[in-house]
Structures are given as C-alpha cells and as structure tokens.
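Please read the structure below before turning to the comments.
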Protein chains: 2
Amino acid sequence: MTLRDVARVAGVHPATVSRALNEETRALVNEDTARRVLKAAEELGYQPNPIARGLKTNRSFTVGVLIPDLTNPLFPPILRGIEDRLETGGYTPLIANTDNDPERELLDSQAMRARQVDGIIAATARRDHRLHDALLEAGIELVLVNRRQTELPVSSATADDRMGMRLSVEHLLSLGHTRIAHLAGPLDYSTGLERHDSFHETMRAAGLEPDPELVLVAEAFTESEGARLCGQLMAERRDFTAVAAANDLLALGCYDVFAERGVRCPDEISVVGFNDMPFAARFQPPLTTIHIPHYEIGKAAGELMLERLQNGESPPREIRLEPSLVVRDSTAPPATG
Amino acid sequence: MTLRDVARVAGVHPATVSRALNEETRALVNEDTARRVLKAAEELGYQPNPIARGLKTNRSFTVGVLIPDLTNPLFPPILRGIEDRLETGGYTPLIANTDNDPERELLDSQAMRARQVDGIIAATARRDHRLHDALLEAGIELVLVNRRQTELPVSSATADDRMGMRLSVEHLLSLGHTRIAHLAGPLDYSTGLERHDSFHETMRAAGLEPDPELVLVAEAFTESEGARLCGQLMAERRDFTAVAAANDLLALGCYDVFAERGVRCPDEISVVGFNDMPFAARFQPPLTTIHIPHYEIGKAAGELMLERLQNGESPPREIRLEPSLVVRDSTAPPATG
DNA sequence: TTGTACGCGTTATCAC
DNA sequence: GTGATAACGCGTACAA
C-alpha cells in the first residue's frame with residue numbers, strides 16, 4: 001500500500017497524491033482532484049510510510065524520552081502526559097531508562113540520535129551539561145522535565161519546588177512546630193537543591209534559623225536513605241518534632257525508623273513528604289505531602305517540545321506548575337511538654 | 001555522516017562498506033579491507049541510519065508494546081523486562097497506552113504498523129481475536145504478555161495464574177477458613193478467568209463446594225469495584241471469614257469497606273490479594289498476597305519476540321512463571337465463635 | 001494544475 | 001572480493 005497504489009486508483013500521478021495528502025501542499029492541487037485522491041486513500045486504507053518520509057525529510061516524528069527508572073511511580077504519569085501531548089502533534093515517544101547513570105544517559109541519547117529522533121525530553125535528574133552539549137552539537141532539540149538548568153537556555157517543565165517546600169514548612173509552622181528537621185535530596189539534582197534552599201528560606205522568613213544539624217542530605221531519593229538519615233537524627237537524640245522530607249520515599253524511611261523505635265507518628269513526630277505518590281493515602285499513617293501535578297508536567301513538556309519542533313525560532317521557555325498541600329494524618333501539633 | 005563518507009575515507013565503494021559493517025555479510029569481504037572500513041567508520045563515528053536501512057529491508061528493528069495503562073504499577077516492571085531483553089537483540093520498544101479500550105488497541109496497532117514495527121507485544125488483557133487477526137494479515141509477529149489465548153497458536157509469557165490462586169486459597173484453608181469469598185476479576189480477561197476457575201477447583205479439591213453467593217465478579221480490577229463488591233457481601237450479611245481477591249486493588253477496596261464498617265482485618269475477616277504490587281507491605285494492614293515475577297515475565301516476553309523475529313520458523317511457545325505466596329498481616333485464623 | 005525526475009541512505013543483485 | 005546499479009517509498013524542484 002503505497003502512494004503509487006493510491007495514484008493508480010485515483011488515476012493521477014504519485015506526486016499529485018503526495019501533494020493532496022500533505023496538509024501544507026494541498027492548496028497546490030485542484031480541489032476535485034484532491035477529493036478524489038483523499039477518497040481513494042481512504043478506501044484503500046492508505047497509511048504513509050514514515051520511514052520513507054523520514055528518509056526524505058530528515059525527520060522521524062519521533063521524540064526520545066530519557067527517564068531514570070520507569071518503575072519509580074513518579075514517572076509513569078509524566079510519561080503519559082508527554083505521550084498524550086506529543087500524539088496530538090503526530091509525534092511518537094521513544095523511551096529509555098538510564099538508571100540515573102550519566103554515562104548511560106549519554107549512550108541512550110546516542111542510540112536515539114542514531115534512530116533520528118527529532119528531539120529528546122530528559123527527565124533524568126542530574127544537573128549536568130554534557131547531554132545538553134552533545135545534543136546541541138547534533139542539532140537535536142532538548143526539553144527538560146522535572147529538572148531545571150538555570151545556567152543554560154533550555155526549555156523545562158517542572159513543579160515549583162520552592163513553593164512546594166514552602167507549603168510543607170509553613171504547614172508545620174502553623175501547627176506550632178519550630179524544631180523542624182529537613183531530609184534533603186541529593187543537591188546535584190535541581191529538585192533536591194531547590195527544596196533544600198526553600199526550606200532554609202521559609203524557616204528564616206518565619207524568624208527561625210535552621211539548625212544545621214537538623215539538615216541531612218540523602219545520597220538518593222530512596223526509603224533506605226530516609227531510614228539511614230532519620231536513624232542518625234534519632235541516635236543523636238536531636239530534639240526535633242517534625243520532619244520536612246524532600247520526597248515521599250524519604251518520608252517512608254522515617255516511618256521505618258519510627259516503627260523500629262516505637263515512636264508514634266504524628267503524636268510524637270510529624271512528617272511531611274513530597275510528591276503525593278500513588279497510595280500515599282494508604283500508608284500508615286496516611287502521609288501528609290505536597291501534591292505535584294505530574295501528568296500536567298508531562299503534558300507541558302510535550303507542549304514545549306512541539307513548540308520547538310514546529311517553530312525553531314521560538315525561544316526556550318520554562319513552565320512551572322503549582323504544587324499543593326495535601327493534609328493527611330502524619331502531621332499534628334507538637335506534643336506539649 | 002553516511003556510508004559514502006566512510007567509503008571515501010576507506011577508499012572503497014559504499015557497497016563494500018555496507019558489507020563490511022554488516023555482521024552477516026562481512027564474510028564476503030576481504031579481511032584487510034574489512035579492517036580498514038571498520039577503522040574508518042570508528043574514526044568518523046559513523047552510525048548507520050536505521051531509517052534508510054528500514055526502507056530497504058522492510059524492517060524497523062522496532063517492537064510495539066501495547067499496555068492498558070502505564071500508571072498501573074503492574075506494568076512498569078514488565079516493560080523494563082521487555083526493554084532490557086529486546087535491547088540485547090538490537091530492538092527498541094515503542095509503547096502505547098490503550099486504556100483497555102479494544103478500539104484504541106486496534107488503532108494503536110495500526111499506528112504501529114504504519115511505523116513499520118516488526119512485532120507487537122500486547123499486555124492488554126481482553127481475550128479478543130481481532131488484534132491477532134489484524135496482525136496475522138499484516139505479517140506482524142504477536143506475543144502476549146500477562147494474558148493467554150488458548151484457542152490461538154500464539155506465544156505468551158504469563159504467571160501461572162491457576163497456581164497463584166491455588167496458593168491463595170490453600171493458605172486460607174490452612175488457617176482454618178472454610179467460608180471463603182472470591183472477588184473475581186473480569187472473566188473476559190484470561191487472568192480473571194483462570195483465577196476464578198482455580199478458586200473453584202482448589203475449594204473442591206479440599207472437599208468444599210464454593211457458595212455461588214460468595215463469588216462476585218468485578219467489572220474492572222479497581223479499588224472501587226473491590227469496595228462495591230465487598231460492600232455488597234457485607235450488606236447481605238454473608239457469613240464469610242475470608243476473601244481471596246483476584247488482585248491487590250480489589251483487596252484494597254475491601255479495606256475501605258472494613259474501615260467504613262469498623263470491621264477489623266485480619267481479626268474478623270482475612271484478605272489475600274494478588275500481584276504483590278509495590279508498597280503492598282505498607283498498607284494497613286500489610287497485605288498478604290501472591291507475588292508475581294513481573295520483570296521476569298517481561299523478559300520472557302522479549303525473549304519470545306526475539307525468537308519469532310530471528311527465526312520465523314520456530315513455533316509459538318508459552319512461558320509460565322511461578323508465583324509465590326507472601327504472608328503479611330491481612331490473614332489470620334478465623335475468629336472462633 | 002499536474003507530471004517528470006531525482007535524491008534521501010541503505011542493501012540486494014548483478015557483473016566484473 | 002569488489003564495484004556498479006537499482007530499488008525501497010516519499011517529497012520536491014523543475015518542467016510542462
């Protein structure tokens with residue numbers, strides 16, 4: 001089923017079929033002829049061959065998506081948003097997991113480049129220039145999602161991480177907490193860094209100087225890191241009454257330590273997570289956290305990519321979506337006395 | 001950077017470069033020449049253009065993967081397994097979400113066909129012939145994952161669903177339960193049907209005739225369906241002491257009804273889930289369930305696809321992986337009296 | 001307005 | 001063993 005088949009049925013030359021079927025060149029062809037061609041194509045169930053088209057146009061209508069790990073529940077909704085938005089523009093995503101390995105990220109981007117992707121959306125988290133440089137050189141569009149790159153002019157779709165952490169801390173403050181610990185994410189991720197900075201800003205804005213010994217930096221956004229850091233805080237008998245964690249998994253790690261040590265949450269210590277991951281309401285206790293509109297972030301990233309693909313002149317743009325506080329049962333006023 | 005560039009540098013004809021670079025045809029070329037070509041390609045950082053190759057060979061080294069919904073935590077590990085296995089064969093997955101809509105499934109498969117995928121792995125669940133027929137006609141290989149098709153000769157990678165439900169029921173029986181309810185999944189999914197059948201077989205093998213009024217069929221594998229059915233059982237004051245649910249989400253629906261009615265689990269009613277979804281151990285109470293090796297199932301599906309792609313003569317094959325029982329805190333002996 | 005001719009990068013099939 | 005040539009399906013100058 002090719003252009004020629006349609007041409008034969010419609011009784012015209014293949015080139016005319018090509019023109020009639022292509023939105024942009026349809027004007028060049030007689031209205032009646034176009035109608036006849038469309039009808040023939042419809043009847044035959046003609047599907048243009050994107051491979052052949054790509055060979056000619058040097059475009060694949062394909063966009064690579066680099067994510068750390070699909071099994072991290074953060075990413076599926078982002079991916080669906082990306083996919084849904086790209087689809088409306090006729091683009092198909094090509095997904096690869098990098099396991100947060102910068103080398104593998106570069107390798108995957110090479111493989112995608114070989115597959116002639118028109119652009120790459122990177123959800124991988126490290127603040128790293130190499131990918132950007134490699135793609136710039138190859139003339140492949142780059143859009144960041146869930147990560148920003150302040151020093152470079154590159155489009156990105158993220159949540160307002162600073163605002164999110166502000167909501168978290170202000171919630172704890174409003175409950176009466178003053179000795180608040182922060183379990184920060186890795187600071188070479190923009191998410192980790194911005195939440196960390198915002199924690200400090202918000203505390204200071206309330207007239208509280210954060211105790212450096214109550215701020216611990218995780219090496220990864222994982223439960224085990226959360227447990228390690230929380231265990232460390234408890235072992236040192238720090239007198240904190242609340243924890244603002246940089247994500248939900250770190251918060252879950254705290255739960256583990258509490259269970260082990262018989263600490264009641266929220267009665268003795270309050271915890272706020274970040275992300276509102278699936279089933280956060282099912283945990284014990286249901287987790288108070290910051291909700292992030294992940295699906296919308298994905299859609300925004302798809303949107304930004306389409307912008308760049310369809311109008312190369314448009315300048316890079318940053319989209320920041322608002323998070324919101326979801327109060328459940330892991331926070332309460334501090335125990336008196 | 002094309003074959004011609006490499007040819008120019010190596011001082012040979014482009015066709016020779018093609019032969020030298022292609023594993024299968026390398027034997028046709030002089031060893032020294034081949035070495036020279038490889039070296040030139042290396043130096044230039046030559047990457048073959050799969051688009052052009054596909055145009056010529058009618059193969060894209062691309063495999064479509066049809067899943068219902070990426071945000072269902074069941075699928076990411078399957079997908080990673082598929083991806084990891086396909087990658088070793090030089091294939092790239094192309095993923096689409098069908099939202100369990102058979103029409104959309106067909107549409108997506110059309111789009112994939114247009115993109116010249118060499119095969120399609122379908123994780124969508126309905127026992128439906130249409131996809132199979134459409135692909136057969138188009139000469140596209142089909143492999144099922146997490147779903148079987150008994151009437152058709154098609155490769156599939158699944159868990160042994162019958163064995164899984166048998167483990168679930170036997171666990172409850174061994175605790176002393178005899179009045180066991182079954183929340184079945186939709187029976188037009190092979191998973192729903194086989195677990196349903198196995199529930200009955202296992203009960204009968206123990207000398208117990210299942211009470212038809214204790215077997216309810218859900219319209220979807222969701223929490224709300226679980227809650228609806230469990231609510232129905234409770235409203236009718238059925239005297240059951242345990243529930244064998246066809247998946248974890250149905251089990252979670254039961255949790256909701258229990259919470260609403262003040263029923264204690266497992267003290268008054270035991271519940272067993274199915275799938276061992278992420279964070280099942282975090283629920284309240286931690287959910288006893290059947291663990292399914294999802295990643296391995298995905299790898300097996302990738303394996304089966306490679307088999308068919310690399311050796312079209314090999315007959316379809318079914319791979320069934322063993323599930324296992326994970327005992328947590330949602331099951332206990334029935335309350336006496 | 002439509003047809004002709006060529007090229008995108010690769011591989012298959014010849015001939016040498 | 002290697003080179004020449006055609007062809008895959010499409011898009012687009014250019015000619016008509």
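Following the order of the structure tokens, chains are lettered A, B, ..., residues in each are numbered from 1, and ligands are numbered from 1.
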With a cut-off of 7 Å and counting only C-alpha atoms (C1' of nucleotides), select all residues of chain C in contact with chain B and give the selection as a tab-separated table (two decimals) with C-alpha atoms (C1' of nucleotides), in the first residue's frame.
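Wrote iface.tsv, looks like this:
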chain	number	residue	atom	x	y	z
C	9	DG	C1'	20.96	6.26	2.88
C	10	DT	C1'	20.89	1.74	2.63
C	11	DT	C1'	21.06	-3.07	0.80
RMSD over all C-alpha atoms, chain B superposed on chain A in order?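 Pairing the C-alpha atoms in order and fitting gives 0.4 Å.
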Could you go through region 74-290 of chain A and tell me which residues DSSP, when run on the backbone, assigns to alpha helix (DSSP H), listing them as a ChimeraX atom specification? /A:75-88,102-114,130-138,161-175,190-205,223-235,248-261
Kindly give the distance, in Å, that separates CA of Leu187 (chain A) and CA of Leu250 (chain A), rounded to a single decimal. 14.5 Å
When you look at Ile290 (chain A) with a cut-off of 7 Å (counting only C-alpha atoms (C1' of nucleotides)), what residues show up, excluding the ones that are within fewer than 3 positions of it in the same chain? I need them as an MDAnalysis selection string. chainID A and resid 164 168 273:276 323:326
Hey, what does DSSP flag as strand (DSSP E) within region 245-293 of chain A? Can you give it to me as a ChimeraX atom specification? /A:245,270-272,289-291
Would you mind exporting the chosen residues as a PDB file, in the first residue's frame, restricted to N, CA and C atoms?
ATOM      1  N   ALA A 245      10.429  16.208  54.604  1.00  0.00           N
ATOM      2  CA  ALA A 245      11.247  15.359  53.738  1.00  0.00           C
ATOM      3  C   ALA A 245      11.176  15.870  52.296  1.00  0.00           C
ATOM      4  N   SER A 270       5.942  14.668  63.624  1.00  0.00           N
ATOM      5  CA  SER A 270       5.185  14.843  62.387  1.00  0.00           C
ATOM      6  C   SER A 270       6.105  14.680  61.185  1.00  0.00           C
ATOM      7  N   VAL A 271       5.531  14.225  60.083  1.00  0.00           N
ATOM      8  CA  VAL A 271       6.314  14.072  58.846  1.00  0.00           C
ATOM      9  C   VAL A 271       5.511  14.598  57.658  1.00  0.00           C
ATOM     10  N   VAL A 272       6.187  15.362  56.812  1.00  0.00           N
ATOM     11  CA  VAL A 272       5.582  15.773  55.544  1.00  0.00           C
ATOM     12  C   VAL A 272       6.433  15.231  54.406  1.00  0.00           C
ATOM     13  N   THR A 289       1.502  15.363  52.483  1.00  0.00           N
ATOM     14  CA  THR A 289       2.555  15.548  51.486  1.00  0.00           C
ATOM     15  C   THR A 289       2.211  16.698  50.544  1.00  0.00           C
ATOM     16  N   ILE A 290       3.130  16.958  49.631  1.00  0.00           N
ATOM     17  CA  ILE A 290       2.917  18.019  48.640  1.00  0.00           C
ATOM     18  C   ILE A 290       2.528  17.366  47.321  1.00  0.00           C
ATOM     19  N   HIS A 291       1.369  17.708  46.855  1.00  0.00           N
ATOM     20  CA  HIS A 291       0.907  17.117  45.602  1.00  0.00           C
ATOM     21  C   HIS A 291       1.514  17.841  44.412  1.00  0.00           C
TER      22      HIS A 291
END
Pairwise distance for CA of Leu304 (chain B) and CA of Glu105 (chain B), rounded to one decimal in Å: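 Here the two named atoms are 20.9 Å from each other.
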Specify as a list in words all residues of chain D found within 7 Å of chain B, counting only C-alpha atoms (C1' of nucleotides).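 Selected residues: DG1, DT2, DG3 and DC8 of chain D.
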Interface, chain A side, toward chain B (6 Å; only C-alpha atoms) as a ChimeraX atom specification: /A:51,70-71,76-77,282-283
With N, CA and C atoms retained, write the just-selected residues as an mmCIF file, in the first residue's frame.
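So the final result, stored in result30.cif, reads:
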data_model
loop_
_atom_site.group_PDB
_atom_site.id
_atom_site.type_symbol
_atom_site.label_atom_id
_atom_site.label_comp_id
_atom_site.auth_asym_id
_atom_site.auth_seq_id
_atom_site.Cartn_x
_atom_site.Cartn_y
_atom_site.Cartn_z
ATOM 1 N N ILE A 51 8.896 5.887 7.535
ATOM 2 C CA ILE A 51 10.308 5.606 7.301
ATOM 3 C C ILE A 51 10.764 6.304 6.030
ATOM 4 N N LEU A 70 11.529 3.699 35.036
ATOM 5 C CA LEU A 70 10.084 3.620 34.821
ATOM 6 C C LEU A 70 9.347 3.092 36.048
ATOM 7 N N THR A 71 10.015 2.271 36.842
ATOM 8 C CA THR A 71 9.309 1.667 37.971
ATOM 9 C C THR A 71 9.223 2.619 39.161
ATOM 10 N N PRO A 76 5.578 7.358 35.506
ATOM 11 C CA PRO A 76 4.500 6.974 34.592
ATOM 12 C C PRO A 76 3.506 8.089 34.272
ATOM 13 N N PRO A 77 3.019 8.831 35.276
ATOM 14 C CA PRO A 77 2.086 9.903 34.892
ATOM 15 C C PRO A 77 2.746 10.983 34.034
ATOM 16 N N ARG A 282 -2.606 5.482 51.596
ATOM 17 C CA ARG A 282 -2.777 4.132 52.146
ATOM 18 C C ARG A 282 -1.726 3.795 53.190
ATOM 19 N N PHE A 283 -0.703 4.640 53.290
ATOM 20 C CA PHE A 283 0.370 4.297 54.214
ATOM 21 C C PHE A 283 -0.114 4.457 55.645
#
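Among the candidates B:Pro315, B:Gly192, B:Gly119, B:Pro153, the one nearest to Val65 (chain B) when counting only C-alpha atoms is B:Gly119.
Near Arg8 (chain B), within 10 Å and counting only C-alpha atoms (C1' of nucleotides), sit Pro14, Val17, Val37 and Ala40 of chain B; same-chain residues fewer than 6 positions away were not included.
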Might you pull out every residue within 12 Å of region 212-216 of chain B, with only C-alpha atoms (C1' of nucleotides) counted and same-chain residues fewer than 3 positions away left off, and present them as a PyMOL selection string? chain B and resi 178-187+192+195-197+199-200+209+219-220+225-234+236-246+250
